[in-house]
Amino acid sequence: MENLVVMFDELKKVYAGKKVFITGHTGFKGSWLLQILSMLGANIKGYALAPEEGPNLYDVISGDSLCQSIIADLRDREKLKEAVTSFQPDFVFHLAAQPLVRLSYQIPSETFEINAIGTANLLDAVKFLDKPCFSVLITTDKVYHNNEWEYPYKENDRLGGYDPYSASKACTELVIDSYRNSFFNTNTFATHNKAIAVGRAGNVIGGGDWSKNRLIPDIASALAAGQVIEIRNPASVRPWQHVLEPLFGYLLLGGKLYNDPVKYSQAYNFGPDINDALPVTKMVEMAIKGWGGGEYYVNQMTGQPHEAGLLKLDISKAITELNWNPKMNAYQAVTFTIDWYKKFYSDEKNMAQFTVDQIANFFDLA
């Protein structure tokens with residue numbers, strides 16, 4: 001694979017001066033993407049709900065200074081349409097979602113509305129653009145019908161979902177596929193000039209995530225407060241990766257889509273090396289080591305909502321077709337993440353620059 005510094009320069013050639021519309025720009029992944037695209041020289045417009053109260057990455061990086069920010073709901077179809085069509089973007093990155101499995105049990109109908117119908121609203125807006133547009137829509141590894149087996153899932157495996165979140169994302173994929181076939185068909189690209197691709201990523205970690213019921217945010221908060229870490233599902237295995245890994249993949253996919261929209265209008269998995277799909281206990285132990293101390297215990301609660309125990313992704317398609325590869329192993333990903341939180345809780349005034357430095361350090365990896 002090419003050196004990432006070289007590939008960063010290639011991404012600059014794609015995105016510098018281009019209009020990029022991001023949904024979910026105030027969220028955890030969206031804020032990291034916003035910062036990267038700003039470094040690439042893009043002209044950015046974001047559409048999302050207001051950032052969460054309390055610490056959030058968007059405020060840490062002064063997100064309002066990096067983009068034109070529209071605070072609104074995906075379900076407001078007319079407002080979303082006006083935001084997209086008035087901007088006339090060259091690229092769209094769709095990250096806005098209700099992203100939490102456990103919360104989806106509390107608000108199942110709303111989860112389906114936001115994730116599936118919200119995506120339909122966005123694609124409806126893209127239909128009205130009178131220029132070429134290249135969209136990368138982000139779903140999740142949980143779109144796959146989970147058989148709890150050892151085999152990693154490929155992009156053409158059966159979709160499904162036990163919990164409302166997973167099912168809503170599988171529905172989202174059906175919405176995307178329908179729009180691709182009905183309105184953005186690759187056979188008639190010269191007529192409509194629209195191309196859409198899908199990125200499916202596993203569990204991401206990284207500094208600036210304070211979402212509830214997520215492992216690393218819970219670990220960092222407990223360690224910073226000097227508390228014992230509580231974990232629910234110690235044996236659950238996830239394809240852990242640093243957030244910069246899939247974001248680089250999404251940007252790379254957008255560039256490929258721009259250069260060959262017919263070939264790359266499809267779905268791609270972005271995950272860690274297969275050996276880096278680790279159980280929760282191992283991740284906690286690595287985080288404690290990176291922090292320099294701490295303890296954890298397993299809360300053997302009963303009657304909790306179902307959460308998948310094992311899920312791995314086959315990333316061979318992204319490797320061979322996109323020339324993308326994970327750059328960090330699990331230990332490096334945890335170290336990058338814990339370093340961010342340690343810096344935040346000791347001197348949060350410099351976190352915007354520290355975030356930029358971590359992005360630069362990531363692209364310095366050979």
# chains A, B, ... in the order shown; residues from 1 in each chain; ligands from 1
call {"tool": "residues_around", "arguments": {"residues": "Pro279 in chain A", "least_positions_apart": "2", "cutoff": "10 Å", "atoms": "only C-alpha atoms", "output": "mmCIF file with N, CA, C and O atoms, in the first residue's frame"}}
result
data_model
loop_
_atom_site.group_PDB
_atom_site.id
_atom_site.type_symbol
_atom_site.label_atom_id
_atom_site.label_comp_id
_atom_site.auth_asym_id
_atom_site.auth_seq_id
_atom_site.Cartn_x
_atom_site.Cartn_y
_atom_site.Cartn_z
ATOM 1 N N ASN A 233 -20.604 -7.064 29.085
ATOM 2 C CA ASN A 233 -20.482 -8.258 28.250
ATOM 3 C C ASN A 233 -19.009 -8.572 28.002
ATOM 4 O O ASN A 233 -18.478 -8.299 26.916
ATOM 5 N N PRO A 234 -18.324 -9.155 28.986
ATOM 6 C CA PRO A 234 -16.874 -9.325 28.897
ATOM 7 C C PRO A 234 -16.407 -10.204 27.750
ATOM 8 O O PRO A 234 -15.300 -10.036 27.244
ATOM 9 N N ALA A 235 -17.240 -11.154 27.311
ATOM 10 C CA ALA A 235 -16.815 -12.082 26.268
ATOM 11 C C ALA A 235 -17.185 -11.615 24.863
ATOM 12 O O ALA A 235 -16.799 -12.253 23.883
ATOM 13 N N SER A 236 -17.947 -10.521 24.740
ATOM 14 C CA SER A 236 -18.358 -10.048 23.419
ATOM 15 C C SER A 236 -17.144 -9.650 22.590
ATOM 16 O O SER A 236 -16.255 -8.947 23.062
ATOM 17 N N VAL A 237 -17.122 -10.105 21.346
ATOM 18 C CA VAL A 237 -16.021 -9.818 20.432
ATOM 19 C C VAL A 237 -16.496 -8.825 19.376
ATOM 20 O O VAL A 237 -17.554 -8.996 18.784
ATOM 21 N N ARG A 238 -15.711 -7.793 19.169
ATOM 22 C CA ARG A 238 -16.048 -6.771 18.181
ATOM 23 C C ARG A 238 -14.819 -6.468 17.316
ATOM 24 O O ARG A 238 -13.694 -6.612 17.774
ATOM 25 N N PRO A 239 -15.048 -6.006 16.091
ATOM 26 C CA PRO A 239 -13.928 -5.593 15.228
ATOM 27 C C PRO A 239 -13.494 -4.170 15.568
ATOM 28 O O PRO A 239 -13.824 -3.215 14.886
ATOM 29 N N TRP A 240 -12.757 -4.010 16.656
ATOM 30 C CA TRP A 240 -12.355 -2.687 17.135
ATOM 31 C C TRP A 240 -11.368 -2.018 16.176
ATOM 32 O O TRP A 240 -10.440 -2.637 15.693
ATOM 33 N N ASP A 276 -7.432 -8.682 15.127
ATOM 34 C CA ASP A 276 -7.677 -7.594 16.062
ATOM 35 C C ASP A 276 -9.137 -7.490 16.482
ATOM 36 O O ASP A 276 -9.547 -6.491 17.072
ATOM 37 N N ALA A 277 -9.932 -8.492 16.178
ATOM 38 C CA ALA A 277 -11.291 -8.568 16.710
ATOM 39 C C ALA A 277 -11.182 -9.196 18.097
ATOM 40 O O ALA A 277 -11.010 -10.412 18.229
ATOM 41 N N THR A 281 -12.989 -7.742 27.510
ATOM 42 C CA THR A 281 -12.031 -7.767 28.625
ATOM 43 C C THR A 281 -10.625 -7.382 28.169
ATOM 44 O O THR A 281 -9.912 -6.667 28.878
ATOM 45 N N LYS A 282 -10.217 -7.845 26.997
ATOM 46 C CA LYS A 282 -8.887 -7.530 26.494
ATOM 47 C C LYS A 282 -8.758 -6.038 26.216
ATOM 48 O O LYS A 282 -7.720 -5.420 26.513
ATOM 49 N N MET A 283 -9.809 -5.445 25.660
ATOM 50 C CA MET A 283 -9.788 -4.017 25.382
ATOM 51 C C MET A 283 -9.677 -3.210 26.675
ATOM 52 O O MET A 283 -8.938 -2.231 26.749
ATOM 53 N N VAL A 284 -10.412 -3.632 27.698
ATOM 54 C CA VAL A 284 -10.364 -2.932 28.984
ATOM 55 C C VAL A 284 -8.965 -3.013 29.578
ATOM 56 O O VAL A 284 -8.422 -2.021 30.080
ATOM 57 N N GLY A 309 -22.940 -11.060 20.250
ATOM 58 C CA GLY A 309 -21.728 -11.459 20.948
ATOM 59 C C GLY A 309 -20.513 -11.555 20.052
ATOM 60 O O GLY A 309 -19.402 -11.375 20.506
ATOM 61 N N LEU A 310 -20.693 -11.850 18.784
ATOM 62 C CA LEU A 310 -19.552 -12.041 17.892
ATOM 63 C C LEU A 310 -19.890 -11.524 16.504
ATOM 64 O O LEU A 310 -20.922 -11.870 15.935
#
call {"tool": "select_by_dssp", "arguments": {"residues": "range 115-362 of chain A", "states": "alpha helix (DSSP H)", "output": "VMD selection string"}}
result
chain A and resid 118 to 127 164 to 182 189 to 192 215 to 225 244 to 259 280 to 291 316 to 322 330 to 347 351 to 362
call {"tool": "closest_residue", "arguments": {"among": "A:Ala42, A:Tyr165, A:Gly63, A:Tyr341", "to": "Trp210 in chain A", "atoms": "only C-alpha atoms"}}
result
A:Tyr341
call {"tool": "closest_residue", "arguments": {"among": "A:Phe270, A:Trp32, A:Tyr153, A:Phe189", "to": "Lys131 in chain A", "atoms": "only C-alpha atoms"}}
result
A:Phe189
call {"tool": "closest_residue", "arguments": {"among": "A:Phe336, A:Tyr105, A:Phe128, A:Ile319", "to": "Ala83 in chain A", "atoms": "only C-alpha atoms"}}
result
A:Phe128
